[in-house]
Amino acid sequence: MTPSVLAGLVGATLVGLGLYGLILHPHPLRKLLAFNLMGSGVFLVFGIVARRGAAAGFRFDPVPQAMVITGIVVAFAASALAVALILRLSEESSRVTLDPEAWTKPNGGDAK
Amino acid sequence: MDQTQWRGRKVTAELGTTTPGGYLLVLAILLPLAGIILSFTPGGRNAERATLYSTPFGFALACAIAFHVGQAGKPIVYAIGGLPPPLGIALRADGISAVMLIAAAVIVTAAAFYARTKFATPDGIRETRSALTFWIMLQAIWAALTIIFVGGDLFNLYVALEILTFAAVPLVCIDGRAETLAAALRYLLFALFGSISYLLGVALFYGAHGTLDISLLAQRVQATPVVWTAAALMTAGLLAKTALFPVHLWLPPAHANAPAAASAVLSGLVVKGSFFLTLRLWFYVLPALPTDNIAAILGWLGSAAVIVGSIVALRQARLKLLIAYSTVAQIGYLFLVFPLAAGAHAWSAIGWSAGLMQVLAHAFAKAAMFFSAGLLAEALGHDQIARLGGAARALPLTFLTIALGGLSLMGLPPSGGFSAKWLMLQASIASGQWLWTLPILAGSLLAAGYVYRILAPALSDGEVSLELPPKRSHEMIALALTTIAIALGFAPQTFFDFLEIGHPVAAGLP
Amino acid sequence: MSLLPYLDIGLALLVVVVAVWTIAARDLFTSVVGYVAYGLLLAFVWIRLYAPDVALTEAAVGGGVTGVLLITAGKRLGALKNVAPEAQPGLAFRLLTGVLAALVAGALGAVILMLPDPPPSLAPEAAAAADGAGAGLGNPITAVLMSYRSFDTMLEKMVLILAVVGVWSVGTDKAWGGAPAPFRRPKPYAPMVFLAQMLAPVGVLIGIHIFWTGANAPGGAFQGGALLAAMWMVTMMARLAEPPRIDAQWLRLALVAGPAVFLIAGLAGEVVAGSFFAYPPALAKPIILFIEAFMLLSIAAALPMLVAGPPSERVDQ
């Protein structure tokens, strides 16, 4: 089992794990963590594509690796934005929840 | 520099080499980006100035691009850095790109002028949070949409999608209330899931075919499990970003609680960006594959969105939430383009025109509706539908705008919305897919229901007191947009022929 | 007999175990610590994939700076003390999500095993272009980032600016223009101060070195910038420096320097080299290094500002 295949399967596992956490965890910060896990799994898939693309005297295909570097920075920026929103939300209200029911005012929701 | 020196394989001329007028594509992208830098560095009122001064230039660039595309009769291309794909990145503008660029320019300009009063920096203060944020994010949305409409490389488009998300999310929570912060956070998480799913698909495409250029991929794709999985992942991500049923939950609170100018751009343009990429994926990258089943699934989801969105809209107490759910419903119509324009049949062009017409008509009508809702909320101090009795007499222009916009949403003639739905019905019948006529007609009926819900109390007897009379210029902006939505109903055949420029099946490309 | 396959399998298992631990952990802090450990382990996986540039970036940004961000977030959330416990999802929902996740992971794994052989690659094109558009750079990844796909990199610099504005926009109106809250308690923590005084200068030198050698060896502006950013954060954590006011002109200039220079160079390319974002062949490498230097500055400025958060009225917490 070459490192590429192994890393690819690890990447697939991480994507599944991250998706599980993203959907399941109620707290937004845990969702963010799960998203980062999923993201790193996706980057691993890029990585094995790069490793498999070894040719012409290179040990790897540089294009997917460059994409991963871009992706890591973008994922970090996204995490920073999410964290800022989460912290501000917890300052503004007593609950940090994404539950839509929490924000339904008595006279502002559905016309029941 | 001779490009053939480093091209490993022969690339068809029209795929990767720069054509006359291609430089306009780069300028169109760089204009708002330069605006952001000029807004951010000095700060203060420069943000507003940069946006407002750049709008005529952006509009001119969009028109120039449309002119070149129309003249050439085929897409204009620019290979960035002079390096063609697969190693370099290409930009491509075809008929639908040009039309969307113009629409984006008009709506962004309208939003910019509409928002001048609300997001102006008051005298005596150097810089405010909401002003700097609004103007920078508006330009960023414009830049991102431009890249989405002319981008030819899937990873480039991923970065554009991220820019779009990062720009739209702060606009949702710009007023700082807990409610909008939660809506913004939910939007962000859905959007991030969408981006990462899209990116995973991109990885698989590259792993399978060694390129991310849309035209090159179209030549190389085959119906393998890798390609299907990649397509499914990218589509799932894009659907989450477009808020198609059943992943639409983030949209209504986000769009309804944002400021009116932001809601107009969010509902009118931002969701169309990810939809546009779904079109690019299925009609430009994957037409060689047997896509009938997927097209049907997308059509079913779209139909469900039309029905569910309209029904929930009927039950809303707040005007802005009603309009937001109407967006969910109208987005459903967009996905009927997949079964109706698939393949190389005689009716495919009709379905294609229908889909684009729906995009444009909805963009203008919905932007106008949100502007009107904003005017209404400011003038009356609330947006409760139950308390709108007699408001039409107090705000005649605003309600005229809402009525005309409603006309387009319902699909009554003459309007762009009618044109779109009429073409969809034609395509359904011509293709033998009679089933799609049901959601189209039912959606129109339900839309009539919720438009009636807004207009009936407003036109009835009653007295409302205006807290603040609306500014005439704002009302005119909203009215202008809704007039465009109506005028689209009179689009000549040349308009529909223009939309076909670059459409792969029409052009005979694989 | 080589140990390497066993080490590889061991590393893979370890990564998965730590990832599972991160997801399954009961409380937030454990989860965050798990994630940081996971990030560092991943760097090893990247080394095994012959991706030292990515390993550097993953360790610095993915593990390091993201870790600081998440730990700071967890701390501030804990300090706010008004996070009500949420309802844990029911068993049926867990099962359903688990099945979905397993399906996705399974499909992805299967498809990865089905990737074509021989694998398509742009390495030959990159090698052929190395002396032309590649500006003779010894590091092909830098060539991709700064030449072949420079447009992506320029856009990504704009992403950073937008993220900074987005983070700042979440603050209150009253606090606008001020500085973000300090990183730590007012009382300087002696070991931290010592670490900062020792580490920061060395780290800055190493960061600049990593940027400079990135032209021909693993490294570049991103990795160097992340290290410089970390050094600035360490100094702020030791209270040797404070987060700057967000309306400070030098800060704004530092943040836009990268994208602005990139944009100007890109525009100039049309005049000087025949195409936007092209480089004149003789001057390509110096121009690239020039742009990267400003990118280094912008990344080093942006990352700490993203961690510092929005402007705050609190002077000392």
# chains A, B, ... in the order shown; residues from 1 in each chain; ligands from 1
$ residues_around --residues "Met38 (chain A)" --least-positions-apart "5" --cutoff "6 Å" --atoms "only C-alpha atoms" --output "count of residues only"
3
$ residues_around --residues "Pro85 (chain B)" --least-positions-apart "3" --cutoff "9 Å" --atoms "only C-alpha atoms" --output "list of chain:residue names"
B:Arg7, B:Val11, B:Leu15, B:Gly16, B:Thr17, B:Ala79, B:Gly88, B:Ile89, B:Ala90, B:Asp153, B:Thr211, B:Leu212, B:Asp213, B:Leu216
$ closest_atom_pairs --of "region 6-111 of chain A" --to "region 292-309 of chain C" --cutoff "8 Å" --atoms "only C-alpha atoms" --output "CSV"
residue,atom,partner,partner_atom,distance
A:Ala77,CA,C:Leu306,CA,7.2
A:Ala80,CA,C:Leu306,CA,5.7
A:Leu81,CA,C:Leu306,CA,7.7
A:Ala84,CA,C:Gly309,CA,6.2
$ atom_distance --atom1 "CA of Ala107 (chain C)" --atom2 "CA of Ile48 (chain A)"
16.5 Å
$ closest_atom_pairs --of "chain C" --to "chain B" --cutoff "6 Å" --atoms "only C-alpha atoms" --output "Markdown table"
| residue | atom | partner | partner_atom | distance |
| --- | --- | --- | --- | --- |
| C:Val111 | CA | B:Val226 | CA | 5.4 |
| C:Leu115 | CA | B:Ala208 | CA | 6.0 |
| C:Pro120 | CA | B:Gly210 | CA | 4.7 |
| C:Ser121 | CA | B:Gly210 | CA | 5.2 |
| C:Ala128 | CA | B:Trp6 | CA | 5.6 |
| C:Ala129 | CA | B:Trp6 | CA | 5.3 |
| C:Tyr148 | CA | B:Gly88 | CA | 5.1 |
| C:Arg149 | CA | B:Gly88 | CA | 5.9 |
| C:Asp152 | CA | B:Asn156 | CA | 5.9 |
| C:Val159 | CA | B:Ile163 | CA | 5.8 |
| C:Gly166 | CA | B:Pro170 | CA | 5.6 |
| C:Asp173 | CA | B:Arg129 | CA | 5.9 |
| C:Trp176 | CA | B:Arg129 | CA | 6.0 |
| C:Arg252 | CA | B:Thr41 | CA | 5.3 |
| C:Ser275 | CA | B:Gly81 | CA | 5.3 |
| C:Phe276 | CA | B:Gly81 | CA | 5.4 |
| C:Phe277 | CA | B:Gly81 | CA | 4.6 |
| C:Ala278 | CA | B:Gly81 | CA | 4.0 |
$ interface_residues --of "chain B" --to "chain A" --cutoff "8 Å" --atoms "only C-alpha atoms" --output "ChimeraX atom specification"
/B:155,162,166,177-179,181-186,188-189,192-193,196,199-200,203-204,206-207,315-318,384
$ write_last_selection --atoms "N, CA and C atoms" --output "compact mmCIF listing (two decimals), in the first residue's frame"
# COMPACT_ATOMS: atom_id res chain seq x y z
N PHE B 155 -10.68 26.03 -10.38
CA PHE B 155 -10.14 26.45 -9.10
C PHE B 155 -10.23 27.95 -8.95
N GLU B 162 -15.38 31.84 -2.78
CA GLU B 162 -14.99 32.22 -1.42
C GLU B 162 -15.09 33.73 -1.22
N PHE B 166 -17.32 35.57 1.61
CA PHE B 166 -16.74 36.48 2.58
C PHE B 166 -17.32 37.87 2.46
N ARG B 177 -27.21 42.92 15.28
CA ARG B 177 -28.14 42.29 16.22
C ARG B 177 -27.85 40.80 16.32
N ALA B 178 -28.26 40.24 17.47
CA ALA B 178 -28.01 38.81 17.66
C ALA B 178 -28.67 37.98 16.57
N GLU B 179 -29.87 38.40 16.19
CA GLU B 179 -30.62 37.64 15.18
C GLU B 179 -29.85 37.56 13.86
N LEU B 181 -26.65 38.11 13.44
CA LEU B 181 -25.39 37.41 13.62
C LEU B 181 -25.59 35.91 13.48
N ALA B 182 -26.66 35.40 14.10
CA ALA B 182 -26.93 33.97 13.97
C ALA B 182 -27.22 33.59 12.53
N ALA B 183 -28.01 34.44 11.84
CA ALA B 183 -28.31 34.15 10.43
C ALA B 183 -27.04 34.16 9.60
N ALA B 184 -26.15 35.12 9.88
CA ALA B 184 -24.90 35.21 9.13
C ALA B 184 -24.04 34.00 9.40
N LEU B 185 -24.00 33.56 10.65
CA LEU B 185 -23.17 32.41 11.00
C LEU B 185 -23.68 31.15 10.31
N ARG B 186 -25.02 30.99 10.29
CA ARG B 186 -25.56 29.81 9.64
C ARG B 186 -25.26 29.85 8.14
N LEU B 188 -22.77 31.34 6.75
CA LEU B 188 -21.34 31.07 6.56
C LEU B 188 -21.06 29.57 6.59
N LEU B 189 -21.65 28.87 7.57
CA LEU B 189 -21.37 27.44 7.68
C LEU B 189 -21.90 26.66 6.48
N LEU B 192 -19.57 27.46 3.64
CA LEU B 192 -18.28 26.78 3.75
C LEU B 192 -18.42 25.32 3.38
N PHE B 193 -19.50 24.68 3.83
CA PHE B 193 -19.72 23.31 3.40
C PHE B 193 -19.79 23.25 1.87
N ILE B 196 -16.30 23.59 0.29
CA ILE B 196 -15.38 22.49 0.47
C ILE B 196 -15.85 21.28 -0.34
N LEU B 199 -14.76 22.02 -3.76
CA LEU B 199 -13.31 21.86 -3.92
C LEU B 199 -12.94 20.38 -4.03
N LEU B 200 -13.65 19.54 -3.29
CA LEU B 200 -13.36 18.11 -3.37
C LEU B 200 -13.65 17.60 -4.78
N ALA B 203 -10.82 18.53 -6.95
CA ALA B 203 -9.67 17.64 -6.78
C ALA B 203 -9.83 16.38 -7.61
N LEU B 204 -11.04 15.82 -7.58
CA LEU B 204 -11.26 14.58 -8.32
C LEU B 204 -11.20 14.82 -9.82
N TYR B 206 -9.37 17.03 -11.32
CA TYR B 206 -7.96 17.14 -11.68
C TYR B 206 -7.29 15.78 -11.66
N GLY B 207 -7.64 14.98 -10.63
CA GLY B 207 -7.03 13.65 -10.54
C GLY B 207 -7.40 12.78 -11.72
N ARG B 315 -47.61 32.18 4.19
CA ARG B 315 -47.93 32.18 5.61
C ARG B 315 -47.09 33.18 6.41
N GLN B 316 -46.35 34.03 5.74
CA GLN B 316 -45.47 34.92 6.47
C GLN B 316 -46.20 36.16 6.94
N ALA B 317 -45.79 36.64 8.10
CA ALA B 317 -46.40 37.86 8.63
C ALA B 317 -45.60 39.09 8.25
N ARG B 318 -44.31 38.88 8.01
CA ARG B 318 -43.46 40.02 7.68
C ARG B 318 -43.21 40.07 6.19
N GLN B 384 -44.88 44.70 8.90
CA GLN B 384 -45.93 43.72 9.17
C GLN B 384 -47.00 43.85 8.09
$ residues_around --residues "His25 (chain A)" --least-positions-apart "4" --cutoff "10 Å" --atoms "only C-alpha atoms" --output "VMD selection string"
(chain A and resid 20 to 21 29 to 34) or (chain C and resid 23 to 24 86 to 89 94)
